[in-house]
Amino acid sequence: MAPGVGELFIAEVDQDAWLRPVVPWVAGAGLVAVGALVALAAGWGPPVVALAVLVVAVAVAAVKGGGYLFGAKRRSSPLMVDLAGVRLPTGQGPAVLPWDALRSVVVDGPTLYFRVRPSVTPGTPGVEGLHRRDAWPVASGPGLPVDTRLFTRDRDEILEAVRAFSGDAVRITQA
């Protein structure tokens with residue numbers, strides 16, 4: 001059934017899915033740091049080894065936690081599909097692509113790559129969010145990646161929405 005005017009497909013961001021891979025790393029690094037502090041306080045082994053382990057554990061926790069915090073922009077907007085086109089979350093904010101700007105959607109496991117047509121530029125009417133230095137080469141090359149595991153709708157639902165709302169005008173291929 002073709003979508004009606006005013007309909008909108010929204011795949012909300014699954015906050016738990018973003019946090020799930022971070023928790024074991026930070027918790028594990030915390031346990032290792034506590035172990036290193038205990039070894040240092042008890043005088044077990046050379047202090048330089050315990051300090052090195054402590055520094056590595058804190059660095060791992062900082063990198064994983066920082067990655068989660070710096071991904072907040074990507075988690076702040078949902079994936080939306082409607083009759084006009086698709087709105088994708090990126091690391092610098094949402095990108096809006098009308099249907100006539102999209103060349104294809106490439107499916108690579110749970111990741112979808114939204115590729116733009118060669119003639120599309122960041123100044124093409126209707127295209128928004130691709131003026132940034134990091135977004136345009138990705139969009140015009142391999143495609144803007146969307147990890148469908150990080151949304152409340154699964155990959156097949158998102159692909160079906162792309163097919164239905166684009167009128168099957170966007171080619172969907174497997175990687």
# chains A, B, ... in the order shown; residues from 1 in each chain; ligands from 1

call {"tool": "residues_around", "arguments": {"residues": "segment 48-59 of chain A", "least_positions_apart": "2", "cutoff": "10 Å", "atoms": "only C-alpha atoms", "output": "VMD selection string"}}
result
chain A and resid 25 to 26 28 to 41 43 to 46 61 to 65

call {"tool": "write_last_selection", "arguments": {"atoms": "N, CA and C atoms", "output": "compact mmCIF listing (two decimals), in the first residue's frame"}}
result
# COMPACT_ATOMS: atom_id res chain seq x y z
N TRP A 25 33.04 -2.21 28.70
CA TRP A 25 34.38 -1.64 28.63
C TRP A 25 34.67 -0.76 29.84
N VAL A 26 33.74 0.11 30.17
CA VAL A 26 33.96 1.03 31.29
C VAL A 26 33.98 0.27 32.61
N GLY A 28 34.73 -2.95 33.04
CA GLY A 28 35.96 -3.75 33.07
C GLY A 28 37.18 -2.89 33.38
N ALA A 29 37.23 -1.72 32.76
CA ALA A 29 38.35 -0.81 33.03
C ALA A 29 38.33 -0.35 34.48
N GLY A 30 37.13 -0.14 35.02
CA GLY A 30 37.02 0.25 36.44
C GLY A 30 37.52 -0.85 37.36
N LEU A 31 37.17 -2.10 37.05
CA LEU A 31 37.65 -3.22 37.87
C LEU A 31 39.16 -3.36 37.80
N VAL A 32 39.71 -3.21 36.60
CA VAL A 32 41.17 -3.30 36.44
C VAL A 32 41.85 -2.16 37.20
N ALA A 33 41.26 -0.96 37.15
CA ALA A 33 41.83 0.18 37.86
C ALA A 33 41.82 -0.06 39.37
N VAL A 34 40.72 -0.61 39.88
CA VAL A 34 40.63 -0.92 41.32
C VAL A 34 41.68 -1.96 41.68
N GLY A 35 41.83 -2.99 40.82
CA GLY A 35 42.84 -4.01 41.06
C GLY A 35 44.24 -3.42 41.09
N ALA A 36 44.50 -2.49 40.17
CA ALA A 36 45.82 -1.85 40.13
C ALA A 36 46.05 -1.00 41.38
N LEU A 37 45.01 -0.31 41.84
CA LEU A 37 45.14 0.50 43.06
C LEU A 37 45.38 -0.39 44.28
N VAL A 38 44.69 -1.53 44.36
CA VAL A 38 44.88 -2.46 45.47
C VAL A 38 46.31 -3.01 45.44
N ALA A 39 46.79 -3.39 44.25
CA ALA A 39 48.16 -3.91 44.12
C ALA A 39 49.18 -2.84 44.50
N LEU A 40 48.90 -1.61 44.12
CA LEU A 40 49.81 -0.51 44.46
C LEU A 40 49.82 -0.26 45.97
N ALA A 41 48.63 -0.25 46.58
CA ALA A 41 48.54 0.01 48.02
C ALA A 41 49.11 -1.13 48.85
N GLY A 43 51.45 -3.13 47.86
CA GLY A 43 52.87 -3.34 47.57
C GLY A 43 53.15 -4.60 46.80
N TRP A 44 52.14 -5.13 46.09
CA TRP A 44 52.34 -6.35 45.30
C TRP A 44 53.00 -5.97 43.98
N GLY A 45 54.11 -6.55 43.72
CA GLY A 45 54.80 -6.32 42.46
C GLY A 45 55.41 -4.93 42.37
N PRO A 46 56.06 -4.68 41.26
CA PRO A 46 56.68 -3.37 41.08
C PRO A 46 55.62 -2.27 40.94
N ALA A 61 38.70 3.56 29.77
CA ALA A 61 37.40 4.07 30.22
C ALA A 61 37.14 5.46 29.65
N ALA A 62 38.15 6.29 29.60
CA ALA A 62 37.98 7.65 29.07
C ALA A 62 37.67 7.63 27.58
N VAL A 63 38.34 6.78 26.83
CA VAL A 63 38.11 6.71 25.38
C VAL A 63 36.71 6.18 25.09
N LYS A 64 36.31 5.10 25.74
CA LYS A 64 34.98 4.54 25.50
C LYS A 64 33.88 5.48 25.97
N GLY A 65 34.04 6.05 27.15
CA GLY A 65 33.05 6.99 27.67
C GLY A 65 32.99 8.26 26.83

call {"tool": "select_by_dssp", "arguments": {"residues": "chain A", "states": "helix (DSSP H, G or I)", "output": "ChimeraX atom specification"}}
result
/A:15-19,22-42,47-70,72-75,99-101,135-140,148-150,155-166

call {"tool": "residues_around", "arguments": {"residues": "segment 8-17 of chain A", "least_positions_apart": "6", "cutoff": "12 Å", "atoms": "only C-alpha atoms", "output": "ChimeraX atom specification"}}
result
/A:23,68-69,71-89,146-166

call {"tool": "atom_distance", "arguments": {"atom1": "atom CA of Gly129 of chain A", "atom2": "atom CA of Trp18 of chain A"}}
result
22.5 Å

call {"tool": "closest_residue", "arguments": {"among": "A:Gly126, A:Pro24, A:Gly109, A:Pro118", "to": "Gly143 of chain A", "atoms": "only C-alpha atoms"}}
result
A:Pro118

call {"tool": "atom_distance", "arguments": {"atom1": "atom CA of Gly67 of chain A", "atom2": "atom CA of Gln174 of chain A"}}
result
29.1 Å

call {"tool": "select_by_dssp", "arguments": {"residues": "chain A", "states": "strand (DSSP E or B)", "output": "number ranges by chain"}}
result
A: 9-11, 13, 79-81, 85-91, 93-98, 102-108, 111-116, 128, 144-147, 151, 171-174
